[in-house]
>>> print(open('data_9.cif').read())   # mmCIF, C-alpha atoms
data_run
loop_
_atom_site.label_atom_id
_atom_site.label_comp_id
_atom_site.auth_asym_id
_atom_site.auth_seq_id
_atom_site.Cartn_x
_atom_site.Cartn_y
_atom_site.Cartn_z
CA MET A 29 0.00 0.00 0.00
CA LEU A 30 1.04 3.62 -0.60
CA TYR A 31 0.95 6.36 2.03
CA LEU A 32 0.85 10.16 1.90
CA GLN A 33 3.19 12.03 4.24
CA PHE A 34 2.29 15.49 5.55
CA LYS A 35 1.68 17.49 8.73
CA THR A 36 -1.18 19.59 10.05
CA PRO A 37 -0.82 22.48 12.54
CA ASN A 38 -1.40 20.17 15.52
CA THR A 39 0.35 16.98 14.34
CA ALA A 40 3.89 16.04 13.35
CA ARG A 41 4.80 15.02 9.81
CA LYS A 42 4.00 11.33 9.34
CA PRO A 43 2.54 8.88 6.80
CA TYR A 44 -1.21 8.44 6.37
CA ALA A 45 -3.11 5.73 4.49
CA CYS A 46 -4.69 6.91 1.26
CA GLY A 47 -6.24 3.71 -0.09
CA CYS A 48 -3.82 3.41 -3.02
CA THR A 49 -2.11 0.18 -4.05
CA PHE A 50 1.58 -0.07 -4.99
CA THR A 51 0.91 -0.25 -8.74
CA LEU A 52 1.27 2.19 -11.63
CA ASP A 53 -2.41 3.08 -11.39
CA GLY A 54 -2.08 3.38 -7.61
CA MET A 55 0.84 5.77 -7.90
CA VAL A 56 -1.05 7.96 -10.36
CA ASP A 57 -4.04 7.96 -8.00
CA ALA A 58 -1.80 8.79 -5.02
CA LEU A 59 -0.35 11.78 -6.87
CA LYS A 60 -3.84 13.10 -7.57
CA LYS A 61 -4.77 12.67 -3.91
CA SER A 62 -1.58 14.37 -2.69
CA ASN A 63 -2.49 17.44 -4.76
CA LYS A 64 -5.96 17.45 -3.21
CA VAL A 65 -4.48 17.21 0.29
CA ALA A 66 -2.04 20.06 -0.39
CA GLU A 67 -4.91 22.26 -1.52
CA ALA A 68 -7.08 21.25 1.46
CA LEU A 69 -4.27 22.08 3.91
CA LYS A 70 -3.94 25.57 2.42
CA ASN A 71 -7.62 26.22 3.17
CA LEU A 72 -7.62 24.47 6.57
CA THR A 73 -9.95 26.07 9.10
CA SER A 74 -10.70 23.13 11.37
CA GLU A 75 -8.70 19.95 11.82
CA VAL A 76 -11.87 18.05 12.67
CA GLU A 77 -13.40 19.06 9.36
CA PHE A 78 -10.14 18.29 7.58
CA TRP A 79 -9.96 14.71 8.91
CA ASP A 80 -13.63 14.11 8.14
CA TRP A 81 -12.90 15.27 4.62
CA TYR A 82 -9.76 13.09 4.46
CA ASP A 83 -11.62 9.94 5.50
CA LYS A 84 -14.32 10.53 2.92
CA GLU A 85 -12.38 11.93 -0.06
CA ILE A 86 -8.90 10.40 0.31
CA LYS A 87 -9.30 7.16 2.23
CA GLN A 88 -12.78 6.79 0.73
CA GLU A 89 -13.87 4.69 3.66
CA SER A 90 -17.54 5.27 2.96
CA GLN A 91 -17.24 4.36 -0.71
CA LEU A 92 -17.87 0.64 -1.07
CA ALA A 93 -17.57 -1.31 -4.27
CA ASP A 94 -20.78 -1.22 -6.27
CA ASP A 95 -21.37 -4.74 -7.57
CA ARG A 96 -24.52 -3.61 -9.38
CA LEU A 97 -22.66 -1.72 -12.11
CA THR A 98 -23.03 -2.90 -15.68
CA PHE A 99 -19.94 -3.26 -17.85
CA GLN A 100 -21.03 -0.16 -19.75
CA GLU A 101 -21.17 1.90 -16.56
CA ALA A 102 -17.86 0.49 -15.31
CA ILE A 103 -16.12 1.24 -18.61
CA LYS A 104 -17.43 4.81 -18.49
CA LYS A 105 -15.56 5.27 -15.21
CA VAL A 106 -12.34 4.02 -16.78
CA GLN A 107 -12.86 6.40 -19.70
CA ASP A 108 -13.34 9.34 -17.35
CA ASP A 109 -10.17 8.36 -15.49
CA PHE A 110 -8.20 8.01 -18.76
CA TRP A 111 -9.17 11.40 -20.17
CA SER A 112 -8.59 13.20 -16.86
CA SER A 113 -5.10 11.68 -16.46
CA LEU A 114 -1.90 12.94 -18.07
CA SER A 115 -0.08 11.00 -20.78
CA ARG A 116 3.32 9.36 -20.27
CA THR A 117 4.95 12.62 -21.33
CA LYS A 118 2.94 14.59 -18.71
CA ARG A 119 0.72 16.07 -21.40
CA LYS A 120 -3.00 16.66 -20.93
CA ARG A 121 -4.89 14.24 -23.13
CA ASN A 122 -7.11 15.65 -25.88
CA LYS A 123 -10.25 13.87 -27.13
CA SER A 124 -9.63 15.21 -30.65
CA ASN A 125 -6.00 14.07 -30.81
CA PRO A 126 -5.56 10.97 -33.03
CA SER A 127 -2.78 9.60 -30.81
CA ASP A 128 -4.87 9.88 -27.63
CA ILE A 129 -7.94 8.37 -29.30
CA SER A 130 -5.88 5.44 -30.60
CA SER A 131 -4.13 5.09 -27.24
CA TRP A 132 -7.49 4.59 -25.52
CA TYR A 133 -8.60 2.05 -28.10
CA ASP A 134 -5.35 0.07 -28.18
CA THR A 135 -4.99 -0.02 -24.40
CA TYR A 136 -8.60 -0.50 -23.29
CA GLY A 137 -11.27 -0.17 -25.98
CA LEU A 138 -10.01 -3.10 -28.04
CA TYR A 139 -10.67 -5.43 -25.11
CA TYR A 140 -13.69 -3.74 -23.52
CA LYS A 141 -15.74 -3.84 -26.73
CA LYS A 142 -16.04 -7.63 -26.34
CA LEU A 143 -17.70 -7.35 -22.94
CA PRO A 144 -21.52 -7.64 -22.73
CA MET A 145 -22.37 -4.00 -22.03
CA GLY A 146 -25.74 -4.60 -20.44
CA GLU A 147 -24.56 -7.31 -18.02
CA LEU A 148 -23.41 -6.67 -14.46
CA VAL A 149 -19.62 -6.77 -14.03
CA ASN A 150 -18.66 -10.39 -13.38
CA ILE A 151 -15.58 -12.61 -13.43
CA LYS A 152 -16.93 -15.06 -16.02
CA ASP A 153 -17.27 -12.50 -18.82
CA VAL A 154 -13.96 -10.85 -17.88
CA LEU A 155 -12.12 -14.17 -18.18
CA THR A 156 -13.89 -14.98 -21.44
CA VAL A 157 -12.38 -11.87 -23.02
CA VAL A 158 -8.95 -12.55 -21.51
CA ASN A 159 -8.93 -16.16 -22.68
CA SER A 160 -9.89 -15.13 -26.21
CA ARG A 161 -6.23 -14.09 -26.49
CA LYS A 162 -3.50 -16.70 -26.77
CA LYS A 163 -1.57 -17.13 -23.54
CA GLY A 164 2.11 -16.29 -23.96
CA LYS A 165 1.51 -13.49 -26.45
CA THR A 166 1.63 -9.77 -25.63
CA SER A 167 -2.07 -9.39 -26.47
CA TYR A 168 -2.90 -11.74 -23.58
CA ALA A 169 -0.93 -9.60 -21.14
CA TYR A 170 -2.56 -6.44 -22.53
CA ALA A 171 -6.03 -7.94 -22.12
CA VAL A 172 -5.29 -8.83 -18.49
CA SER A 173 -3.91 -5.33 -17.87
CA ALA A 174 -7.05 -3.71 -19.31
CA MET A 175 -9.31 -5.83 -17.11
CA LYS A 176 -7.20 -5.07 -14.03
CA LYS A 177 -7.71 -1.38 -14.73
CA LEU A 178 -11.46 -1.95 -14.94
CA CYS A 179 -11.39 -3.66 -11.54
CA ARG A 180 -9.17 -1.08 -9.83
CA VAL A 181 -11.23 1.90 -10.95
CA ASN A 182 -14.48 0.18 -9.95
CA LYS A 183 -13.04 -1.32 -6.73
CA ARG A 184 -13.72 -4.94 -7.68
CA GLN A 185 -11.02 -6.48 -5.54
CA ASP A 186 -12.65 -9.90 -5.83
CA ILE A 187 -12.10 -10.03 -9.59
CA LEU A 188 -8.74 -8.29 -9.37
CA GLU A 189 -7.37 -11.01 -7.10
CA VAL A 190 -8.22 -13.65 -9.70
CA LEU A 191 -6.52 -11.62 -12.45
CA GLU A 192 -3.42 -11.11 -10.31
CA ASP A 193 -2.89 -14.89 -10.26
CA LEU A 194 -2.77 -15.18 -14.06
CA ASP A 195 0.64 -15.77 -15.65
CA VAL A 196 1.18 -13.07 -18.29
CA THR A 197 4.78 -14.00 -19.13
CA GLN A 198 5.46 -13.58 -22.85
CA THR A 199 6.74 -16.78 -24.48
CA GLU A 200 6.05 -16.05 -28.17
CA PHE A 201 7.98 -13.31 -29.97
CA ILE A 202 8.03 -11.78 -33.44
CA ASP A 203 11.07 -12.60 -35.55
CA LEU A 204 13.05 -9.43 -36.21
CA GLN A 205 15.48 -8.78 -39.06
CA THR A 206 18.73 -6.94 -38.38
CA VAL A 207 20.87 -4.88 -40.73
CA ASP A 208 24.30 -3.37 -40.09
CA LEU A 209 25.36 0.07 -41.27
CA GLY A 210 27.53 -1.31 -44.08
CA GLU A 211 24.59 -3.24 -45.52
CA PHE A 212 22.36 -0.16 -45.26
CA LEU A 213 24.87 1.98 -47.16
CA LYS A 214 25.15 -0.63 -49.96
CA TRP A 215 21.35 -0.88 -50.19
CA ARG A 216 21.07 2.93 -50.26
CA ASP A 217 23.52 3.19 -53.17
CA LYS A 218 21.52 0.60 -55.12
CA THR A 219 18.24 2.39 -54.40
CA LEU A 220 19.68 5.69 -55.66
CA GLY A 221 21.12 4.08 -58.78
CA VAL A 222 24.73 4.68 -57.77
CA THR A 223 25.79 1.05 -58.17
CA VAL A 224 22.97 -0.33 -60.36
CA GLU A 225 20.96 0.97 -63.30
CA LEU A 226 17.39 2.01 -62.45
CA HIS A 227 14.24 2.01 -64.56
CA PRO A 228 13.74 5.41 -66.24
CA ASN A 229 10.29 5.80 -64.65
CA VAL A 230 11.63 5.64 -61.09
CA HIS A 231 10.44 8.56 -58.92
CA MET A 232 13.87 9.63 -57.73
CA ASN A 233 12.69 12.51 -55.51
CA THR A 234 10.40 10.14 -53.61
CA ARG A 235 13.24 7.69 -53.12
CA LYS A 236 15.61 10.42 -51.93
CA ALA A 237 13.02 11.74 -49.48
CA TRP A 238 12.33 8.40 -47.84
CA LEU A 239 16.00 7.46 -47.83
CA TRP A 240 16.65 10.72 -45.98
CA VAL A 241 14.02 9.68 -43.41
CA PHE A 242 15.57 6.25 -42.93
CA SER A 243 19.04 7.79 -42.72
CA VAL A 244 17.97 10.23 -40.00
CA GLN A 245 16.48 7.32 -38.07
CA ILE A 246 19.81 5.52 -38.17
CA VAL A 247 22.01 8.50 -37.32
CA TYR A 248 19.83 9.80 -34.46
CA ALA A 249 18.18 6.53 -33.35
CA LEU A 250 14.66 7.88 -33.90
CA ARG A 251 11.23 6.33 -34.20
CA ILE A 252 9.68 7.00 -37.59
CA SER A 253 7.14 9.48 -36.17
CA GLU A 254 9.89 11.49 -34.47
CA VAL A 255 11.48 12.30 -37.83
CA PHE A 256 8.26 14.10 -38.76
CA ALA A 257 8.33 16.06 -35.50
CA ILE A 258 11.75 17.71 -35.97
CA LYS A 259 11.31 21.45 -35.40
CA ASN A 260 14.58 22.87 -36.75
CA LEU A 261 14.83 21.32 -40.20
CA PHE A 262 14.68 24.56 -42.14
CA GLU A 263 14.74 27.32 -39.52
CA PRO A 264 16.17 27.89 -36.03
CA TYR A 265 14.24 26.73 -32.97
CA VAL A 266 14.11 28.92 -29.87
CA THR A 267 13.74 27.04 -26.58
CA LYS A 268 11.62 28.18 -23.65
CA ASP A 269 14.67 29.66 -21.94
CA GLY A 270 15.60 31.67 -25.03
CA ALA A 271 18.37 29.47 -26.44
CA SER A 272 18.43 29.34 -30.25
CA ILE A 273 19.27 26.06 -31.96
CA PRO A 274 20.23 26.63 -35.61
CA ALA A 275 18.48 24.86 -38.46
CA LEU A 276 19.89 21.43 -39.24
CA GLY A 277 21.29 22.61 -42.57
CA ASP A 278 22.88 25.71 -41.05
CA THR A 279 26.69 25.58 -40.99
CA ASN A 280 26.52 27.13 -37.49
CA ASN A 281 24.85 23.92 -36.25
CA THR A 282 28.25 22.28 -35.94
CA GLU A 283 26.97 19.61 -33.53
CA ASN A 284 24.08 18.80 -35.89
CA LEU A 285 21.55 18.99 -33.06
CA ILE A 286 17.87 18.41 -33.82
CA VAL A 287 14.85 19.44 -31.78
CA ILE A 288 12.06 16.85 -31.60
CA GLY A 289 8.69 18.31 -30.67
CA GLY A 290 5.80 16.73 -28.86
CA GLU A 291 3.71 16.48 -32.04
CA THR A 292 4.28 15.49 -35.66
CA VAL A 293 3.12 17.55 -38.64
CA LEU A 294 -0.08 15.46 -38.57
CA GLY A 295 -0.84 16.42 -34.97
CA THR A 296 -0.07 12.95 -33.62
CA THR A 297 2.09 12.83 -30.51
CA THR A 298 5.61 11.47 -30.13
CA LYS A 299 6.25 8.79 -27.53
CA THR A 300 9.10 10.61 -25.77
CA GLY A 301 7.76 14.14 -26.10
CA TYR A 302 9.99 17.20 -26.50
CA ARG A 303 13.73 16.53 -26.52
CA ILE A 304 17.01 17.43 -28.19
CA ALA A 305 19.00 14.74 -30.00
CA ARG A 306 22.54 14.58 -31.34
CA PRO A 307 23.93 12.21 -34.01
CA GLN A 308 25.67 8.98 -33.11
CA ILE A 309 28.61 8.64 -35.50
CA PRO A 310 30.61 5.38 -35.41
CA PRO A 311 34.41 5.76 -35.80
CA LYS A 312 34.34 3.57 -38.92
CA TYR A 313 32.13 6.12 -40.74
CA PRO A 314 33.30 9.61 -39.66
CA ASP A 315 31.74 11.19 -42.78
CA LEU A 316 28.29 9.64 -42.20
CA ILE A 317 26.48 13.01 -41.95
CA GLU A 318 27.80 14.09 -45.36
CA ARG A 319 27.47 10.66 -46.94
CA LEU A 320 23.79 10.40 -46.03
CA ASP A 321 22.98 14.05 -46.88
CA ILE A 322 21.62 14.56 -43.37
CA LYS A 323 22.06 18.34 -43.56
CA ILE A 324 19.99 18.53 -46.75
CA PRO A 325 16.48 17.73 -45.46
CA LEU A 326 14.07 16.31 -48.00
CA VAL A 327 10.79 15.51 -46.25
CA PRO A 328 8.25 13.22 -47.97
CA SER A 329 5.01 14.92 -48.97
CA ASN A 330 2.77 11.92 -48.21
CA ARG A 331 -0.37 12.72 -46.21
CA PRO A 332 -3.29 10.49 -45.13
CA LYS A 333 -6.56 10.71 -47.04
CA SER A 334 -8.59 9.15 -44.23
CA LYS A 335 -9.64 11.07 -41.12
CA ASP A 336 -9.83 7.91 -39.02
CA PRO A 337 -7.69 8.49 -35.86
CA LYS A 338 -6.11 5.02 -35.98
CA THR A 339 -5.18 5.47 -39.64
CA ILE A 340 -3.64 8.88 -38.93
CA ARG A 341 -1.72 7.63 -35.91
CA SER A 342 -0.13 4.73 -37.82
CA PHE A 343 0.25 6.60 -41.12
CA TRP A 344 4.00 7.26 -40.96
CA SER A 345 4.97 3.75 -39.87
CA ARG A 346 2.73 2.05 -42.44
CA THR A 347 3.81 4.35 -45.28
CA ALA A 348 7.48 4.00 -44.36
CA ARG A 349 7.20 0.22 -44.32
CA ASP A 350 5.46 0.20 -47.71
CA LYS A 351 8.20 2.40 -49.22
CA LEU A 352 10.93 0.32 -47.59
CA VAL A 353 9.53 -2.92 -49.01
CA LYS A 354 8.92 -1.38 -52.44
#
>>> encode(input="data_9.cif", output="structure tokens")
Amino acid sequence: MLYLQFKTPNTARKPYACGCTFTLDGMVDALKKSNKVAEALKNLTSEVEFWDWYDKEIKQESQLADDRLTFQEAIKKVQDDFWSSLSRTKRKRNKSNPSDISSWYDTYGLYYKKLPMGELVNIKDVLTVVNSRKKGKTSYAYAVSAMKKLCRVNKRQDILEVLEDLDVTQTEFIDLQTVDLGEFLKWRDKTLGVTVELHPNVHMNTRKAWLWVFSVQIVYALRISEVFAIKNLFEPYVTKDGASIPALGDTNNTENLIVIGGETVLGTTTKTGYRIARPQIPPKYPDLIERLDIKIPLVPSNRPKSKDPKTIRSFWSRTARDKLVK
């Protein structure tokens, strides 16, 4: 269990129970409660009233689990909790943001939609959804995690205890293909027609643009979406404290620093949020920046035609994969 530590005018600083479990959700809940306590202490007029408020609002002693909730009502509580909580990057979630909409669906909605909405919350239907996923795969663990969230928010400790006993260890993995830098450079030369003859109808500008994207990924170790969130490609970026970072192509940017924003040009969010990155140049290829034309940005013009949030969120990764395969 987690505890909040504070003092009132007539008591010493010490820990107090807050009804939060030692889990990720519990820690998020404890942070919310600590902010409420801090605000309540600022407006303290009577310690008696304060402790009555603490028992009711923080410890929630009078709030018992409601086993008469339907799945639809229980899911609504999880939705309210999701949209009122901050993202991993401490950003306020937005119901019109494609990334946030997809995040809800991928994390919870995908599994909740299989629950019988009109039925009262029960262990049988919860396990039916969980067991529809193959044990040993990540989807099984994600399904269990989603159902645990449903139980925690709705205080169904009885069902939560059953879920806690499930083994969610991943035993099946996707086969990944590796490529070293030398192989990438050879492939790049072929794709650009340096070492092989290309068909005359090849769209060279498209190839150059996507090869620039892949090259930036390699040099800066970026996710595909982060390439489309670079803020200083063509003009300087001024930080909050007034520091100016030259454009990538500027000769004054001798360290070749790039600024990655919290959103891509499509409005989708980046996983790591705002940060500054520098290139990782191996000793074997000291001229990698010049060889890959990193300082000559050529951004692909592809844009999604669909307005579906899931399509928009996955647009860059899907398009990049299609171009890579082609």
>>> resolve_selection(input="data_9.cif", expression="the PyMOL selection byres ((chain A and resi 136) around 9)", output="MDAnalysis selection string")
chainID A and resid 106:107 131:135 137:141 170:171 173:175 177:178
>>> resolve_selection(input="data_9.cif", expression="the PyMOL selection byres ((chain A and resi 179) around 12)", output="JSON, numbers by chain")
{"A": [53, 93, 94, 95, 97, 99, 102, 103, 105, 106, 149, 150, 151, 154, 172, 173, 174, 175, 176, 177, 178, 180, 181, 182, 183, 184, 185, 186, 187, 188, 189, 190, 191, 192]}
>>> closest_atom_pairs(input="data_9.cif", of="segment 255-285 of chain A", to="segment 314-329 of chain A", cutoff="10 Å", atoms="all atoms listed in the file", output="tab-separated table")
residue	atom	partner	partner_atom	distance
A:Val255	CA	A:Val327	CA	9.0
A:Phe256	CA	A:Val327	CA	8.0
A:Leu261	CA	A:Pro325	CA	6.6
A:Phe262	CA	A:Pro325	CA	7.8
A:Ala275	CA	A:Lys323	CA	9.0
A:Leu276	CA	A:Lys323	CA	5.7
A:Gly277	CA	A:Lys323	CA	4.5
A:Asp278	CA	A:Lys323	CA	7.8
A:Thr279	CA	A:Lys323	CA	9.0
A:Asn281	CA	A:Lys323	CA	9.6
A:Asn284	CA	A:Lys323	CA	7.9
>>> resolve_selection(input="data_9.cif", expression="the PyMOL selection byres ((chain A and resi 55-64) around 9)", output="PDB file with C-alpha atoms, in the coordinates of the input")
ATOM      1  CA  LEU A  30       1.040   3.620  -0.600  1.00  0.00           C
ATOM      2  CA  TYR A  31       0.950   6.360   2.030  1.00  0.00           C
ATOM      3  CA  LEU A  32       0.850  10.160   1.900  1.00  0.00           C
ATOM      4  CA  GLN A  33       3.190  12.030   4.240  1.00  0.00           C
ATOM      5  CA  CYS A  46      -4.690   6.910   1.260  1.00  0.00           C
ATOM      6  CA  GLY A  47      -6.240   3.710  -0.090  1.00  0.00           C
ATOM      7  CA  CYS A  48      -3.820   3.410  -3.020  1.00  0.00           C
ATOM      8  CA  THR A  49      -2.110   0.180  -4.050  1.00  0.00           C
ATOM      9  CA  PHE A  50       1.580  -0.070  -4.990  1.00  0.00           C
ATOM     10  CA  THR A  51       0.910  -0.250  -8.740  1.00  0.00           C
ATOM     11  CA  LEU A  52       1.270   2.190 -11.630  1.00  0.00           C
ATOM     12  CA  ASP A  53      -2.410   3.080 -11.390  1.00  0.00           C
ATOM     13  CA  GLY A  54      -2.080   3.380  -7.610  1.00  0.00           C
ATOM     14  CA  VAL A  65      -4.480  17.210   0.290  1.00  0.00           C
ATOM     15  CA  ALA A  66      -2.040  20.060  -0.390  1.00  0.00           C
ATOM     16  CA  GLU A  67      -4.910  22.260  -1.520  1.00  0.00           C
ATOM     17  CA  ALA A  68      -7.080  21.250   1.460  1.00  0.00           C
ATOM     18  CA  LEU A  69      -4.270  22.080   3.910  1.00  0.00           C
ATOM     19  CA  GLU A  85     -12.380  11.930  -0.060  1.00  0.00           C
ATOM     20  CA  ILE A  86      -8.900  10.400   0.310  1.00  0.00           C
ATOM     21  CA  SER A 113      -5.100  11.680 -16.460  1.00  0.00           C
TER      22      SER A 113
END
>>> closest_residue(input="data_9.cif", among="A:Ile273, A:Leu294, A:Ala305, A:Val230", to="Ile340 of chain A", atoms="all atoms listed in the file")
A:Leu294
>>> residues_around(input="data_9.cif", residues="segment 296-299 of chain A", least_positions_apart="5", cutoff="9 Å", atoms="all atoms listed in the file", output="PyMOL selection string")
chain A and resi 116-117+125-128+251+253-254+257+288-291+340-341
>>> write_last_selection(input="data_9.cif", atoms="C-alpha atoms", output="PDB file, in the frame of the given file")
ATOM      1  CA  ARG A 116       3.320   9.360 -20.270  1.00  0.00           C
ATOM      2  CA  THR A 117       4.950  12.620 -21.330  1.00  0.00           C
ATOM      3  CA  ASN A 125      -6.000  14.070 -30.810  1.00  0.00           C
ATOM      4  CA  PRO A 126      -5.560  10.970 -33.030  1.00  0.00           C
ATOM      5  CA  SER A 127      -2.780   9.600 -30.810  1.00  0.00           C
ATOM      6  CA  ASP A 128      -4.870   9.880 -27.630  1.00  0.00           C
ATOM      7  CA  ARG A 251      11.230   6.330 -34.200  1.00  0.00           C
ATOM      8  CA  SER A 253       7.140   9.480 -36.170  1.00  0.00           C
ATOM      9  CA  GLU A 254       9.890  11.490 -34.470  1.00  0.00           C
ATOM     10  CA  ALA A 257       8.330  16.060 -35.500  1.00  0.00           C
ATOM     11  CA  ILE A 288      12.060  16.850 -31.600  1.00  0.00           C
ATOM     12  CA  GLY A 289       8.690  18.310 -30.670  1.00  0.00           C
ATOM     13  CA  GLY A 290       5.800  16.730 -28.860  1.00  0.00           C
ATOM     14  CA  GLU A 291       3.710  16.480 -32.040  1.00  0.00           C
ATOM     15  CA  ILE A 340      -3.640   8.880 -38.930  1.00  0.00           C
ATOM     16  CA  ARG A 341      -1.720   7.630 -35.910  1.00  0.00           C
TER      17      ARG A 341
END
>>> atom_distance(input="data_9.cif", atom1="atom CA of Trp240 of chain A", atom2="atom CA of Leu220 of chain A")
11.3 Å
>>> atom_distance(input="data_9.cif", atom1="atom CA of Phe343 of chain A", atom2="atom CA of Asn330 of chain A")
9.2 Å
>>> atom_distance(input="data_9.cif", atom1="atom CA of Leu194 of chain A", atom2="atom CA of Gly146 of chain A")
26.1 Å
>>> residues_around(input="data_9.cif", residues="Ser272 of chain A", least_positions_apart="5", cutoff="12 Å", atoms="only C-alpha atoms", output="PyMOL selection string")
chain A and resi 259-260+263-267+280-281+285-287
>>> closest_residue(input="data_9.cif", among="A:Lys165, A:Val224, A:Tyr248, A:Gly295", to="Lys335 of chain A", atoms="only C-alpha atoms")
A:Gly295
>>> residues_around(input="data_9.cif", residues="Pro144 of chain A", least_positions_apart="6", cutoff="9 Å", atoms="all atoms listed in the file", output="list in words")
Thr98, Phe99, Gln100 and Asp153 of chain A
>>> closest_residue(input="data_9.cif", among="A:Met29, A:Ala249, A:Leu226, A:Met145", to="Arg306 of chain A", atoms="all atoms listed in the file")
A:Ala249
>>> decode(input="data_9.cif", residues="segment 140-146 of chain A", atoms="all heavy atoms", output="CSV table (one decimal), in the first residue's frame")
chain,number,residue,atom,x,y,z
A,140,TYR,N,-12.4,-4.0,-24.1
A,140,TYR,CA,-13.7,-3.7,-23.5
A,140,TYR,C,-14.9,-3.9,-24.5
A,140,TYR,O,-16.0,-4.3,-24.1
A,140,TYR,CB,-13.7,-2.3,-23.0
A,140,TYR,CG,-12.8,-2.0,-21.8
A,140,TYR,CD1,-12.5,-0.7,-21.4
A,140,TYR,CD2,-12.2,-3.1,-21.1
A,140,TYR,CE1,-11.7,-0.5,-20.3
A,140,TYR,CE2,-11.4,-2.9,-20.0
A,140,TYR,CZ,-11.1,-1.5,-19.7
A,140,TYR,OH,-10.3,-1.3,-18.6
A,141,LYS,N,-14.6,-3.8,-25.8
A,141,LYS,CA,-15.7,-3.8,-26.7
A,141,LYS,C,-16.3,-5.3,-26.8
A,141,LYS,O,-17.4,-5.4,-27.3
A,141,LYS,CB,-15.3,-3.4,-28.1
A,141,LYS,CG,-14.3,-4.3,-28.8
A,141,LYS,CD,-14.0,-3.8,-30.2
A,141,LYS,CE,-13.1,-4.8,-31.0
A,141,LYS,NZ,-12.8,-4.3,-32.3
A,142,LYS,N,-15.6,-6.2,-26.3
A,142,LYS,CA,-16.0,-7.6,-26.3
A,142,LYS,C,-16.8,-8.0,-25.1
A,142,LYS,O,-17.4,-9.1,-25.0
A,142,LYS,CB,-14.9,-8.6,-26.5
A,142,LYS,CG,-14.1,-8.4,-27.8
A,142,LYS,CD,-13.1,-9.5,-28.0
A,142,LYS,CE,-12.4,-9.4,-29.4
A,142,LYS,NZ,-11.4,-10.5,-29.6
A,143,LEU,N,-16.9,-7.1,-24.2
A,143,LEU,CA,-17.7,-7.4,-22.9
A,143,LEU,C,-19.2,-7.1,-23.2
A,143,LEU,O,-19.5,-6.2,-24.0
A,143,LEU,CB,-17.2,-6.4,-21.8
A,143,LEU,CG,-15.8,-6.7,-21.3
A,143,LEU,CD1,-15.3,-5.6,-20.4
A,143,LEU,CD2,-15.8,-8.0,-20.5
A,144,PRO,N,-20.1,-7.9,-22.6
A,144,PRO,CA,-21.5,-7.6,-22.7
A,144,PRO,C,-21.9,-6.4,-22.0
A,144,PRO,O,-22.1,-6.4,-20.7
A,144,PRO,CB,-22.1,-8.9,-22.1
A,144,PRO,CG,-21.1,-9.4,-21.1
A,144,PRO,CD,-19.8,-9.0,-21.7
A,145,MET,N,-22.2,-5.3,-22.7
A,145,MET,CA,-22.4,-4.0,-22.0
A,145,MET,C,-23.5,-4.0,-21.0
A,145,MET,O,-23.4,-3.3,-20.0
A,145,MET,CB,-22.6,-2.9,-23.1
A,145,MET,CG,-21.4,-2.7,-24.0
A,145,MET,SD,-20.0,-2.1,-23.1
A,145,MET,CE,-18.6,-2.8,-24.1
A,146,GLY,N,-24.6,-4.7,-21.3
A,146,GLY,CA,-25.7,-4.6,-20.4
A,146,GLY,C,-25.7,-5.5,-19.2
A,146,GLY,O,-26.5,-5.4,-18.3
